[in-house]
Amino acid sequence: MNCICGSEIETSNCCARFIDNKEQPSTAEELMRARFTAYAQVKMDFIEQTHNPKLKKELDMDENREWAEKTKWLELQVFNTENGGPDDDEGVVEFKAKFDAGEGEQWHQERSFFNKIDGNWYFTDSKNPQQTTFVRSGEKVGRNDPCPCDSGKKYKKCCG
């Protein structure tokens with residue numbers, strides 16, 4: 001049976017070799033795929049082991065386990081990798097995961113950040129690639145400043 005990570009490789013030759021601690025992932029993408037598979041199989045020890053050791057205090061394993069147990073993981077699509085190869089020390093993997101947590105099928109997309117520490121890859125952080133930070137192009141107008149539309153009124157009484 002092919003691995004749920006979408007690699008089209010038999011599970012025992014794919015993610016299971018990492019989850020069962022027979023081998024270490026040589027790339028950030030291999031680790032990301034194995035972590036997806038571990039969530040699908042509720043192998044939370046692997047999730048904890050592969051989380052950046054410097055950031056483990058932020059990790060809520062009870063919450064992660066509960067989420068993994070109630071979620072049916074359906075599909076993984078990897079879109080892009082930046083660095084994260086055997087000779088790199090950091091990498092980024094962008095992916096989309098299809099799941100059902102009891103509210104119907106949904107997609108989750110993220111950019112996951114990985115670091116290699118002492119020769120092993122670890123998950124460090126993630127961001128939603130669809131969220132962007134708003135950057136104001138001009139100066140901020142205060143409530144009591146004159147309105148930039150040149151009406152002569154205070155901003156709060158005009159366009160604010």
# chains A, B, ... in the order shown; residues from 1 in each chain; ligands from 1

$ residues_around --residues "Ile47 in chain A" --least-positions-apart "6" --cutoff "12 Å" --atoms "only C-alpha atoms" --output "list in words"
Phe18, Ile19, Asp20, Leu31, Met32, Arg33, Ala34, Arg35, Phe36, Thr37, Ala38, Tyr39, Ala40, Gln41, Pro53, Lys56, Leu59, Asp60, Met61, Asp62, Asn64, Arg65, Ala68, Tyr122, Phe123 and Thr124 of chain A

$ select_by_dssp --residues "range 9-159 of chain A" --states "strand (DSSP E)" --output "ChimeraX atom specification"
/A:72-83,90-100,105-117,120-127

$ residues_around --residues "Cys14 in chain A" --least-positions-apart "5" --cutoff "8 Å" --atoms "only C-alpha atoms" --output "ChimeraX atom specification"
/A:3,7,9

$ residues_around --residues "range 70-85 of chain A" --least-positions-apart "6" --cutoff "7 Å" --atoms "only C-alpha atoms" --output "ChimeraX atom specification"
/A:4-6,27-28,40,91-101

$ write_last_selection --atoms "C-alpha atoms" --output "PDB file, in the first residue's frame"
ATOM      1  CA  ILE A   4      -0.476   8.502   2.626  1.00  0.00           C
ATOM      2  CA  CYS A   5       2.119  11.267   2.119  1.00  0.00           C
ATOM      3  CA  GLY A   6       1.485  11.116  -1.631  1.00  0.00           C
ATOM      4  CA  THR A  27      15.747  16.389   3.544  1.00  0.00           C
ATOM      5  CA  ALA A  28      13.247  18.830   4.998  1.00  0.00           C
ATOM      6  CA  ALA A  40      -2.468  10.536  10.168  1.00  0.00           C
ATOM      7  CA  GLY A  91      14.620  24.614   4.410  1.00  0.00           C
ATOM      8  CA  VAL A  92      11.040  25.570   3.649  1.00  0.00           C
ATOM      9  CA  VAL A  93       8.330  23.252   2.359  1.00  0.00           C
ATOM     10  CA  GLU A  94       5.012  24.605   1.119  1.00  0.00           C
ATOM     11  CA  PHE A  95       2.178  22.108   1.064  1.00  0.00           C
ATOM     12  CA  LYS A  96      -1.555  21.623   1.121  1.00  0.00           C
ATOM     13  CA  ALA A  97      -3.218  18.920   3.249  1.00  0.00           C
ATOM     14  CA  LYS A  98      -6.772  17.651   2.830  1.00  0.00           C
ATOM     15  CA  PHE A  99      -8.493  16.494   6.015  1.00  0.00           C
ATOM     16  CA  ASP A 100     -11.855  15.955   7.682  1.00  0.00           C
ATOM     17  CA  ALA A 101     -12.172  16.839  11.369  1.00  0.00           C
TER      18      ALA A 101
END

$ select_by_dssp --residues "chain A" --states "helix (DSSP H, G or I)" --output "PyMOL selection string"
chain A and resi 11-13+16-19+28-40+44-49+53-58+61-70+155-157

$ write_last_selection --atoms "N, CA and C atoms" --output "compact mmCIF listing (two decimals), in the first residue's frame"
# COMPACT_ATOMS: atom_id res chain seq x y z
N THR A 11 4.51 2.42 1.97
CA THR A 11 4.70 3.05 3.28
C THR A 11 5.95 2.57 3.98
N SER A 12 6.24 1.27 3.96
CA SER A 12 7.41 0.74 4.67
C SER A 12 8.71 1.28 4.11
N ASN A 13 8.74 1.64 2.82
CA ASN A 13 9.93 2.19 2.19
C ASN A 13 9.91 3.72 2.18
N ALA A 16 7.41 5.30 7.01
CA ALA A 16 7.51 4.37 8.16
C ALA A 16 8.96 4.20 8.61
N ARG A 17 9.90 4.23 7.70
CA ARG A 17 11.31 4.05 8.09
C ARG A 17 11.80 5.20 8.97
N PHE A 18 11.19 6.37 8.83
CA PHE A 18 11.54 7.50 9.69
C PHE A 18 10.76 7.45 11.01
N ILE A 19 9.45 7.20 10.89
CA ILE A 19 8.59 7.17 12.08
C ILE A 19 9.01 6.05 13.03
N ALA A 28 14.37 18.21 4.29
CA ALA A 28 13.25 18.83 5.00
C ALA A 28 11.92 18.28 4.47
N GLU A 29 11.84 18.04 3.17
CA GLU A 29 10.60 17.51 2.60
C GLU A 29 10.30 16.11 3.12
N GLU A 30 11.32 15.26 3.23
CA GLU A 30 11.10 13.93 3.79
C GLU A 30 10.54 14.03 5.21
N LEU A 31 11.09 14.95 6.00
CA LEU A 31 10.59 15.11 7.37
C LEU A 31 9.16 15.62 7.36
N MET A 32 8.85 16.59 6.50
CA MET A 32 7.50 17.13 6.44
C MET A 32 6.50 16.04 6.06
N ARG A 33 6.83 15.22 5.07
CA ARG A 33 5.94 14.12 4.66
C ARG A 33 5.78 13.10 5.79
N ALA A 34 6.86 12.80 6.50
CA ALA A 34 6.79 11.86 7.61
C ALA A 34 5.94 12.42 8.75
N ARG A 35 6.04 13.71 9.00
CA ARG A 35 5.22 14.32 10.06
C ARG A 35 3.74 14.27 9.68
N PHE A 36 3.41 14.50 8.41
CA PHE A 36 2.03 14.37 7.95
C PHE A 36 1.53 12.95 8.20
N THR A 37 2.35 11.98 7.83
CA THR A 37 1.99 10.58 8.02
C THR A 37 1.85 10.25 9.50
N ALA A 38 2.73 10.79 10.32
CA ALA A 38 2.65 10.55 11.77
C ALA A 38 1.35 11.12 12.35
N TYR A 39 0.95 12.30 11.90
CA TYR A 39 -0.34 12.84 12.35
C TYR A 39 -1.48 11.92 11.91
N ALA A 40 -1.42 11.42 10.68
CA ALA A 40 -2.47 10.54 10.17
C ALA A 40 -2.54 9.24 10.97
N MET A 44 2.36 10.37 17.87
CA MET A 44 2.72 11.65 18.44
C MET A 44 4.15 11.70 18.99
N ASP A 45 4.73 10.54 19.31
CA ASP A 45 6.12 10.54 19.76
C ASP A 45 7.02 11.08 18.66
N PHE A 46 6.74 10.71 17.41
CA PHE A 46 7.53 11.19 16.28
C PHE A 46 7.37 12.69 16.11
N ILE A 47 6.15 13.18 16.27
CA ILE A 47 5.90 14.62 16.16
C ILE A 47 6.73 15.37 17.21
N GLU A 48 6.73 14.87 18.42
CA GLU A 48 7.49 15.52 19.50
C GLU A 48 9.00 15.42 19.24
N GLN A 49 9.47 14.26 18.81
CA GLN A 49 10.90 14.05 18.54
C GLN A 49 11.42 14.97 17.45
N PRO A 53 14.13 21.20 19.24
CA PRO A 53 14.31 21.06 20.70
C PRO A 53 14.30 22.40 21.44
N LYS A 54 14.73 23.46 20.79
CA LYS A 54 14.75 24.78 21.42
C LYS A 54 13.35 25.36 21.60
N LEU A 55 12.36 24.78 20.91
CA LEU A 55 11.01 25.33 20.93
C LEU A 55 9.99 24.38 21.55
N LYS A 56 10.43 23.30 22.14
CA LYS A 56 9.50 22.29 22.67
C LYS A 56 8.62 22.82 23.78
N LYS A 57 9.05 23.83 24.51
CA LYS A 57 8.22 24.36 25.59
C LYS A 57 6.92 24.97 25.04
N GLU A 58 6.91 25.36 23.76
CA GLU A 58 5.72 25.92 23.12
C GLU A 58 4.77 24.84 22.62
N MET A 61 1.42 18.88 23.43
CA MET A 61 1.24 17.54 22.88
C MET A 61 -0.16 16.99 23.13
N ASP A 62 -0.79 17.33 24.24
CA ASP A 62 -2.16 16.87 24.49
C ASP A 62 -3.12 17.41 23.44
N GLU A 63 -2.99 18.69 23.14
CA GLU A 63 -3.83 19.32 22.12
C GLU A 63 -3.55 18.72 20.74
N ASN A 64 -2.28 18.51 20.43
CA ASN A 64 -1.91 17.90 19.14
C ASN A 64 -2.46 16.49 19.01
N ARG A 65 -2.38 15.71 20.08
CA ARG A 65 -2.90 14.34 20.05
C ARG A 65 -4.42 14.36 19.83
N GLU A 66 -5.11 15.20 20.56
CA GLU A 66 -6.57 15.29 20.42
C GLU A 66 -6.95 15.65 18.99
N TRP A 67 -6.24 16.61 18.42
CA TRP A 67 -6.51 17.04 17.05
C TRP A 67 -6.25 15.89 16.07
N ALA A 68 -5.13 15.19 16.23
CA ALA A 68 -4.78 14.08 15.34
C ALA A 68 -5.80 12.94 15.44
N GLU A 69 -6.27 12.65 16.65
CA GLU A 69 -7.23 11.56 16.85
C GLU A 69 -8.58 11.84 16.22
N LYS A 70 -9.01 13.08 16.21
CA LYS A 70 -10.33 13.40 15.66
C LYS A 70 -10.30 13.74 14.17
N TYR A 155 -10.30 64.61 10.52
CA TYR A 155 -10.42 63.28 9.90
C TYR A 155 -11.56 62.49 10.50
N LYS A 156 -11.73 62.54 11.84
CA LYS A 156 -12.78 61.76 12.51
C LYS A 156 -14.18 62.22 12.12
N LYS A 157 -14.33 63.47 11.69
CA LYS A 157 -15.65 64.01 11.32
C LYS A 157 -15.89 63.93 9.82

$ atom_distance --atom1 "CA of Ser126 in chain A" --atom2 "CA of Asp88 in chain A"
18.4 Å

$ residues_around --residues "Lys154 in chain A" --least-positions-apart "4" --cutoff "9 Å" --atoms "only C-alpha atoms" --output "NGL selection string"
:A and (143-147 or 158-160)

$ write_last_selection --atoms "N, CA and C atoms" --output "PDB file, in the first residue's frame"
ATOM      1  N   ARG A 143      -6.925  60.820  14.373  1.00  0.00           N
ATOM      2  CA  ARG A 143      -8.348  61.189  14.432  1.00  0.00           C
ATOM      3  C   ARG A 143      -8.563  62.696  14.380  1.00  0.00           C
ATOM      4  N   ASN A 144      -7.701  63.442  15.028  1.00  0.00           N
ATOM      5  CA  ASN A 144      -7.882  64.897  15.104  1.00  0.00           C
ATOM      6  C   ASN A 144      -7.067  65.669  14.073  1.00  0.00           C
ATOM      7  N   ASP A 145      -6.386  64.954  13.181  1.00  0.00           N
ATOM      8  CA  ASP A 145      -5.641  65.613  12.108  1.00  0.00           C
ATOM      9  C   ASP A 145      -6.609  66.110  11.044  1.00  0.00           C
ATOM     10  N   PRO A 146      -6.188  67.110  10.266  1.00  0.00           N
ATOM     11  CA  PRO A 146      -7.034  67.552   9.148  1.00  0.00           C
ATOM     12  C   PRO A 146      -7.216  66.398   8.157  1.00  0.00           C
ATOM     13  N   CYS A 147      -8.419  66.267   7.621  1.00  0.00           N
ATOM     14  CA  CYS A 147      -8.713  65.178   6.690  1.00  0.00           C
ATOM     15  C   CYS A 147      -7.890  65.341   5.415  1.00  0.00           C
ATOM     16  N   CYS A 158     -14.902  63.425   9.088  1.00  0.00           N
ATOM     17  CA  CYS A 158     -15.045  63.398   7.630  1.00  0.00           C
ATOM     18  C   CYS A 158     -14.878  61.979   7.091  1.00  0.00           C
ATOM     19  N   CYS A 159     -13.717  61.621   6.638  1.00  0.00           N
ATOM     20  CA  CYS A 159     -13.475  60.315   6.010  1.00  0.00           C
ATOM     21  C   CYS A 159     -13.127  59.209   6.991  1.00  0.00           C
ATOM     22  N   GLY A 160     -12.889  59.552   8.254  1.00  0.00           N
ATOM     23  CA  GLY A 160     -12.471  58.555   9.243  1.00  0.00           C
ATOM     24  C   GLY A 160     -13.636  57.868   9.834  1.00  0.00           C
TER      25      GLY A 160
END

$ atom_distance --atom1 "CA of Lys116 in chain A" --atom2 "CA of Pro129 in chain A"
22.4 Å

$ atom_distance --atom1 "CA of Ser26 in chain A" --atom2 "CA of Ser112 in chain A"
16.1 Å
